[in-house]
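To start, the structure itself, in structure tokens.
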Amino acid sequence: MRTRFLAALAALALSTAALAACGDGGDAGGSGKITLGFAQVGAESAWRTANTASIQESAAAAGIDLKFSDAQQKQENQIKAIRSFIQQRVDVIAFSPVVESGWDTVLKEAKDAKIPVVLTDRAIDSADESLYVTFLGSDFVEEGRRAANWLVEEYRDGTDPVNIVELQGTTGSAPAIDRQTGFAETIAADPKFKVIASQTGEFTRAKGKEVMQAFLSANKDIDVLYAHNDDMALGAIQAIEEAGLKPGEDIKIISVDGVKDAFVAMTEGKINVVVECNPLLGPQLMDVVNKVVAGEQTPKRILTEEGVFTADQAAAELPNRKY
Ligand code: GYE
């Protein structure tokens with residue numbers, strides 16, 4: 001009788017230990033694996049498609065149970081997804097915030113439920129840094145500076161005004177805000193550079209084309225297009241060609257991301273320069289998730305390394321592009 005009681009006690013202790021090993025979030029998948037809830041922005045661009053694939057593949061490779069949600073570029077959908085991850089008691093929540101502000105309430109809920117949050121790709125604007133463990137992604141202000149540095153160099157010798165139109169990313173998103181800031185602060189040193197029109201193209205091809213058409217009909221002398229991502233630049237190229245102009249020549253084009261199609265356009269001389277932004281964040285994210293669950297320290301900011309490619313480098317680089 002006594003042995004049976006002790007055995008039962010031991011079994012109870014074991015299962016309690018197994019439960020504890022699942023972390024504060026519990027074993028939401030019921031499989032003993034780490035469960036990661038990921039709230040993606042949407043599927044607005046080739047960059048995003050590559051980012052999603054990287055996260056899905058890396059989760060599978062790391063044996064992490066991934067619960068994936070696509071917010072279709074809507075903050076309310078991301079908030080819903082995060083609340084549902086909290087309810088399911090996942091071990092870690094990661095997300096790429098569609099816009100910068102308005103996250104404190106839901107992230108406080110995650111914190112109260114003791115579920116760690118990792119920001120990937122895009123940052124939030126919050127005074128409370130305790131709401132997330134780390135932010136993994138690019139330096140978008142630096143990308144804006146790099147875009148402008150090419151322009152400054154390209155027009156170094158002239159004194160004529162340089163009329164720039166800007167296709168911004170999703171309004172209120174970190175990459176749109178920061179890419180505009182870095183670019184503006186760099187061209188401000190020379191008054192010949194003038195941003196004559198600036199509007200959102202929501203990071204999509206269709207909207208990039210539509211807004212470029214509007215820019216072209218409202219402005220006679222456009223020298224340069226600065227697009228916050230490749231998809232908008234590729235849409236704009238169609239609008240420029242349909243207006244009977246040569247992209248890359250009549251209008252110089254600067255873009256950000258570095259997806260394959262943009263490299264193809266560079267080899268055709270239609271885009272002049274691309275500032276790279278790496279979407280392949282999956283492996284680093286899984287690494288962070290494993291560390292967070294193991295209770296290890298991670299740096300508050302993890303930066304991705306990126307380059308700049310000009311049209312004359314495009315053909316050689318194209319076969320190396322992974323997205
Ligand atoms: O540049 C754009 C995408 O947040 C860095 O989002 C990302 C941006 C990327 O839609 O193509």
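Residues are named by chain letter and number: chains run A, B, ... in the order of the structure tokens, numbers start at 1 in each chain, and ligands are numbered from 1 in the order shown.
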Open item on the list: Could you pull out the helix (DSSP H, G or I) residues of range 85-314 of chain A, going by DSSP on the backbone, and write them as a PyMOL selection string?
Closed with: chain A and resi 85-87+104-112+129-131+140-154+174-187+205-218+230-242+260-267+282-293+311-314
Task: Expected selection as a VMD selection string for ligand 1 within 8 Å, only C-alpha atoms and all ligand atoms - done: chain A and resid 43 to 48 96 98 121 to 122 137 to 138 140 169 to 170 173 to 175 202 to 204 228 to 231 256 to 257 277 to 279
- [ ] Write out as number ranges by chain all residues of range 140-258 of chain A that backbone DSSP assigns to strand (DSSP E).
- [x] A: 162-168, 193-200, 224-227, 252-257
- [ ] Show which residues sit within 9 Å of Asn149 in chain A, as number ranges by chain. Count only C-alpha atoms, and ignore same-chain residues fewer than 4 positions away.
- [x] A: 144-145, 153-154, 183, 186-187
Could you pull the residues within 8 Å of range 163-167 of chain A, counting only C-alpha atoms, minus those fewer than 3 positions along the same chain, as a compact mmCIF listing (two decimals) with C-alpha atoms, in the first residue's frame?
# COMPACT_ATOMS: atom_id res chain seq x y z
CA PHE A 193 17.23 68.24 -53.53
CA LYS A 194 13.48 68.77 -53.31
CA VAL A 195 10.86 66.19 -52.40
CA ILE A 196 8.01 67.56 -54.52
CA ALA A 197 5.48 64.83 -53.68
CA SER A 198 5.31 62.12 -51.05
CA GLN A 199 2.46 59.68 -50.54
CA THR A 200 1.86 56.17 -49.28
CA GLY A 201 1.77 53.27 -51.71
CA GLY A 208 2.72 51.95 -56.11
CA VAL A 211 0.21 56.67 -56.86
CA MET A 212 3.01 56.99 -59.43
CA PHE A 215 2.52 61.84 -59.38
CA ASP A 221 9.63 67.41 -64.02
CA ILE A 222 10.27 64.36 -61.92
CA ASP A 223 13.96 63.48 -61.78
CA VAL A 224 14.00 60.79 -59.11
CA LEU A 225 11.67 58.27 -57.52
CA TYR A 226 12.49 57.09 -54.00
CA ALA A 227 10.34 54.02 -53.22
CA HIS A 228 10.32 52.63 -49.68
CA MET A 232 6.08 49.89 -55.09
- [ ] Would you kindly return, as JSON, numbers by chain, each protein, DNA or RNA residue with an atom no farther than 12 Å from any atom of Ile240 in chain A, considering only C-alpha atoms and excluding same-chain residues fewer than 2 positions away?
- [x] {"A": [208, 209, 210, 211, 212, 213, 214, 215, 216, 217, 222, 223, 224, 225, 233, 234, 235, 236, 237, 238, 242, 243, 244, 245, 246, 247, 248, 249, 250, 251, 252, 253, 270, 271]}
Task: Counting only C-alpha atoms, the residue of A:Glu268, A:Asp287, A:Glu276, A:Glu143 that sits nearest Ala61 in chain A - done: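 Ranking A:Glu268, A:Asp287, A:Glu276, A:Glu143 by distance to Ala61 in chain A, first place goes to A:Asp287.
Here the question is which of A:Arg89, A:Arg179, A:Lys291, A:Lys192 gets nearest to Ile254 in chain A using only C-alpha atoms, and that residue is A:Arg179.
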TODO: Write out as a PyMOL selection string each polymer residue whose atoms come within 12 Å of Asn290 in chain A, counting only C-alpha atoms; drop sequence neighbours fewer than 4 positions from it.
DONE: chain A and resi 22-23+33-36+59+62-65+91-92+116+118+283-286+294-298
Open item on the list: I'd like the neighbourhood of Val41 in chain A as a PyMOL selection string, where a residue qualifies if any of its atoms comes within 8 Å (using only C-alpha atoms), though same-chain residues fewer than 4 positions away should be ignored.
Closed with: chain A and resi 70-74+78+95-98
Open item on the list: Just to confirm, what's the straight-line distance from CA of Lys220 in chain A to CA of Ala239 in chain A in Å (one decimal)?
Closed with: 14.4 Å
- [ ] Compare A:Asp104, A:Asp178, A:Asp160, A:Asp139 by their minimum atom-to-atom distance to Thr120 in chain A, counting only C-alpha atoms, and give me the closest one.
- [x] A:Asp139
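For the choices A:Ala60, A:Val288, A:Val293, A:Ala184, the atom-to-atom distance to Arg146 in chain A is smallest for A:Ala184 when using only C-alpha atoms.
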Open item on the list: So, with only C-alpha atoms as the atoms that count, which of A:Leu151, A:Ala265, A:Ile55, A:Val292 lies closest to Lys114 in chain A?
Closed with: A:Val292
Open item on the list: Please report the interatomic distance between CA of Val289 in chain A and CA of Phe38 in chain A in Å with one decimal.
Closed with: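 These two atoms are separated by 11.3 Å.
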